[in-house]
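Report on one structure; see the data block that follows.
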Amino acid sequence: DAGITQSPRHKVTETGTPVTLRCHQTENHRYMYWYRQDPGHGLRLIHYSYGVKDTDKGEVSDGYSVSRSKTEDFLLTLESATSSQTSVYFCASTSSREDEGGYTFGSGTRLTVV
Amino acid sequence: AQKITQTQPGMFVQEKEAVTLDCTYDTSDQSYGLFWYKQPSSGEMIFLIYQGSYDEQNATEGRYSLNFQKARKSANLVISASQLGDSAMYFCAMREGPRGSSNTGKLIFGQGTTLQVKP
């Protein structure tokens with residue numbers, strides 16, 4: 001089984017609607033992250049979590065909120081989707097903030113806002 | 001603020017030749033970690049190699065090596081004996097923050113370099 005599962009894998013939504021993306025990990029990792037990937041920008045951090053109910057903003061957090069009620073689940077919500085939020089979203093996790101072995105990434109969610 | 005710069009949007013290499021992908025970084029921290037990831041066309045992020053700022057030797061993993069020049073703040077990825085399967089986008093990333101409680105484990109990514117291997 002994959003260490004991280006993101007759902008849905010693809011979604012098309014209308015401008016102004018709320019959208020929730022789910023990240024589920026089975027690694028018992030403490031630290032989890034949401035990134036968005038856009039051409040020319042690489043991956044940019046939206047929000048992250050350092051434990052259950054402990055979250056903080058990343059560099060591109062406007063228009064997004066997160067929740068983490070269980071170790072394994074990290075939800076990303078677009079409160080009112082806009083076309084600028086069309087992107088590929090990646091979730092990542094690690095057990096240690098000093099991990100040298102690379103972080104576990106999900107397969108990504110491709111979101112299109114029309 | 002920490003920053004990663006990859007100045008090569010796209011590169012070509014002949015199969016079986018070596019290629020270097022450039023990465024420079026900016027940080028005021030003394031302790032940091034540098035990562036390289038591969039993203040093939042299927043989209044997943046594949047970890048390749050890690051270099052710690054206090055590691056005196058350059059990291060190597062199979063055909064991948066990291067040319068770490070701390071004074072120049074560069075962490076170039078060298079792929080030896082390129083294969084067709086190496087065609088992908090490559091990201092350099094840095095983990096910000098020193099060791100200790102202020103380290104959140106966040107990764108900062110560069111813009112990426114698309115590598116195409118020619119047969």
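Naming works like this for the structure tokens: A, B, ... for the chains as they're shown, residue 1 at the start of each chain, ligands 1 onward in shown order.
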
So that I can check the surroundings of segment 74-78 of chain B, please list as an mmCIF file with all heavy atoms, in the first residue's frame every protein, DNA and RNA residue that reaches within 6 Å of it, counting only C-alpha atoms and ignoring chain neighbours fewer than 6 positions away.
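Output file part_1.cif follows:
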```cif
data_model
loop_
_atom_site.group_PDB
_atom_site.id
_atom_site.type_symbol
_atom_site.label_atom_id
_atom_site.label_comp_id
_atom_site.auth_asym_id
_atom_site.auth_seq_id
_atom_site.Cartn_x
_atom_site.Cartn_y
_atom_site.Cartn_z
ATOM 1 N N VAL B 19 25.730 14.262 -17.001
ATOM 2 C CA VAL B 19 25.097 15.586 -17.062
ATOM 3 C C VAL B 19 25.084 16.176 -15.660
ATOM 4 O O VAL B 19 24.965 15.448 -14.660
ATOM 5 C CB VAL B 19 23.672 15.484 -17.644
ATOM 6 C CG1 VAL B 19 22.766 14.635 -16.760
ATOM 7 C CG2 VAL B 19 23.069 16.864 -17.867
ATOM 8 N N THR B 20 25.245 17.490 -15.601
ATOM 9 C CA THR B 20 25.203 18.207 -14.318
ATOM 10 C C THR B 20 24.032 19.170 -14.316
ATOM 11 O O THR B 20 23.897 20.002 -15.217
ATOM 12 C CB THR B 20 26.508 18.992 -14.088
ATOM 13 O OG1 THR B 20 27.606 18.071 -14.009
ATOM 14 C CG2 THR B 20 26.431 19.776 -12.782
ATOM 15 N N LEU B 21 23.217 19.068 -13.289
ATOM 16 C CA LEU B 21 22.089 19.973 -13.103
ATOM 17 C C LEU B 21 22.448 20.932 -11.979
ATOM 18 O O LEU B 21 22.816 20.503 -10.887
ATOM 19 C CB LEU B 21 20.819 19.186 -12.757
ATOM 20 C CG LEU B 21 20.431 18.083 -13.726
ATOM 21 C CD1 LEU B 21 19.114 17.445 -13.303
ATOM 22 C CD2 LEU B 21 20.351 18.592 -15.152
ATOM 23 N N ASP B 22 22.326 22.220 -12.253
ATOM 24 C CA ASP B 22 22.795 23.229 -11.319
ATOM 25 C C ASP B 22 21.747 23.580 -10.264
ATOM 26 O O ASP B 22 20.536 23.599 -10.538
ATOM 27 C CB ASP B 22 23.174 24.505 -12.072
ATOM 28 C CG ASP B 22 24.372 24.307 -12.985
ATOM 29 O OD1 ASP B 22 25.129 23.328 -12.768
ATOM 30 O OD2 ASP B 22 24.569 25.128 -13.900
ATOM 31 N N CYS B 23 22.252 23.888 -9.086
ATOM 32 C CA CYS B 23 21.399 24.331 -7.981
ATOM 33 C C CYS B 23 22.221 25.236 -7.079
ATOM 34 O O CYS B 23 23.304 24.841 -6.625
ATOM 35 C CB CYS B 23 20.873 23.140 -7.191
ATOM 36 S SG CYS B 23 19.981 23.584 -5.674
ATOM 37 N N THR B 24 21.746 26.424 -6.848
ATOM 38 C CA THR B 24 22.369 27.295 -5.862
ATOM 39 C C THR B 24 21.325 27.628 -4.801
ATOM 40 O O THR B 24 20.124 27.601 -5.065
ATOM 41 C CB THR B 24 22.920 28.590 -6.476
ATOM 42 O OG1 THR B 24 21.845 29.288 -7.125
ATOM 43 C CG2 THR B 24 24.017 28.299 -7.474
ATOM 44 N N TYR B 64 23.943 8.737 -9.140
ATOM 45 C CA TYR B 64 23.743 10.128 -8.735
ATOM 46 C C TYR B 64 24.815 10.545 -7.740
ATOM 47 O O TYR B 64 25.131 9.809 -6.809
ATOM 48 C CB TYR B 64 22.373 10.309 -8.082
ATOM 49 C CG TYR B 64 21.212 9.866 -8.934
ATOM 50 C CD1 TYR B 64 20.504 8.704 -8.626
ATOM 51 C CD2 TYR B 64 20.814 10.603 -10.043
ATOM 52 C CE1 TYR B 64 19.436 8.291 -9.401
ATOM 53 C CE2 TYR B 64 19.741 10.198 -10.827
ATOM 54 C CZ TYR B 64 19.065 9.040 -10.504
ATOM 55 O OH TYR B 64 18.010 8.634 -11.271
ATOM 56 N N SER B 65 25.335 11.723 -7.938
ATOM 57 C CA SER B 65 26.233 12.311 -6.951
ATOM 58 C C SER B 65 25.906 13.783 -6.819
ATOM 59 O O SER B 65 25.363 14.402 -7.737
ATOM 60 C CB SER B 65 27.699 12.113 -7.337
ATOM 61 O OG SER B 65 27.966 12.723 -8.577
ATOM 62 N N LEU B 66 26.180 14.299 -5.655
ATOM 63 C CA LEU B 66 25.885 15.691 -5.384
ATOM 64 C C LEU B 66 27.208 16.423 -5.219
ATOM 65 O O LEU B 66 27.996 16.088 -4.330
ATOM 66 C CB LEU B 66 25.010 15.807 -4.119
ATOM 67 C CG LEU B 66 24.224 17.102 -3.934
ATOM 68 C CD1 LEU B 66 22.964 16.854 -3.107
ATOM 69 C CD2 LEU B 66 25.083 18.162 -3.290
ATOM 70 N N ASN B 67 27.455 17.378 -6.084
ATOM 71 C CA ASN B 67 28.672 18.190 -6.013
ATOM 72 C C ASN B 67 28.388 19.370 -5.097
ATOM 73 O O ASN B 67 27.818 20.385 -5.518
ATOM 74 C CB ASN B 67 29.062 18.643 -7.418
ATOM 75 C CG ASN B 67 30.365 19.410 -7.426
ATOM 76 O OD1 ASN B 67 30.996 19.586 -6.375
ATOM 77 N ND2 ASN B 67 30.788 19.861 -8.581
ATOM 78 N N PHE B 68 28.775 19.224 -3.840
ATOM 79 C CA PHE B 68 28.448 20.200 -2.811
ATOM 80 C C PHE B 68 29.624 21.148 -2.622
ATOM 81 O O PHE B 68 30.716 20.727 -2.234
ATOM 82 C CB PHE B 68 28.143 19.471 -1.497
ATOM 83 C CG PHE B 68 27.770 20.355 -0.342
ATOM 84 C CD1 PHE B 68 26.847 21.373 -0.493
ATOM 85 C CD2 PHE B 68 28.326 20.144 0.910
ATOM 86 C CE1 PHE B 68 26.487 22.178 0.581
ATOM 87 C CE2 PHE B 68 27.980 20.933 1.996
ATOM 88 C CZ PHE B 68 27.052 21.953 1.831
#
```

Residue contacts of segment 102-111 of chain B (10 Å, only C-alpha atoms) excluding same-chain residues fewer than 2 positions away, as JSON, numbers by chain: {"A": [31, 32, 33, 35, 37, 38, 39, 40, 41, 42, 43, 44, 45, 47, 48, 49, 50, 56, 58, 59, 92, 93, 94, 95, 96, 97, 98, 99, 103], "B": [2, 3, 4, 5, 6, 7, 8, 9, 23, 24, 25, 32, 33, 34, 35, 36, 37, 89, 90, 91, 92, 93, 94, 95, 96, 97, 98, 99, 100, 113, 114]}

d(atom CA of Ile49 of chain B, atom CA of Asp86 of chain B) in Å: 14.5 Å

From B:Lys38, B:Lys70, B:Arg63, B:Lys118, residue lying nearest chain A [only C-alpha atoms]: B:Lys38

Residue neighbourhood segment 107-111 of chain A, 7 Å, only C-alpha atoms, exclusion window fewer than 6 positions, as a VMD selection string: (chain A and resid 6 to 12 86 to 91) or (chain B and resid 43 to 44)

Spatial neighbours of segment 13-17 of chain B, 8 Å, only C-alpha atoms, chain gap at least 4 places, as an MDAnalysis selection string: chainID B and resid 80:84 115:119

Proximity to chain A - best of B:Gly112, B:Tyr54, B:Ile79, B:Thr27, only C-alpha atoms: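 Nearest candidate to chain A out of B:Gly112, B:Tyr54, B:Ile79, B:Thr27: B:Gly112.
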
Shell around Cys23 of chain A at 8 Å using only C-alpha atoms, local window under 6 positions removed, as a list in words: Ile4, Thr5, Gln6, Ser7, Glu72, Asp73, Phe74, Leu75, Cys91 and Gly106 of chain A
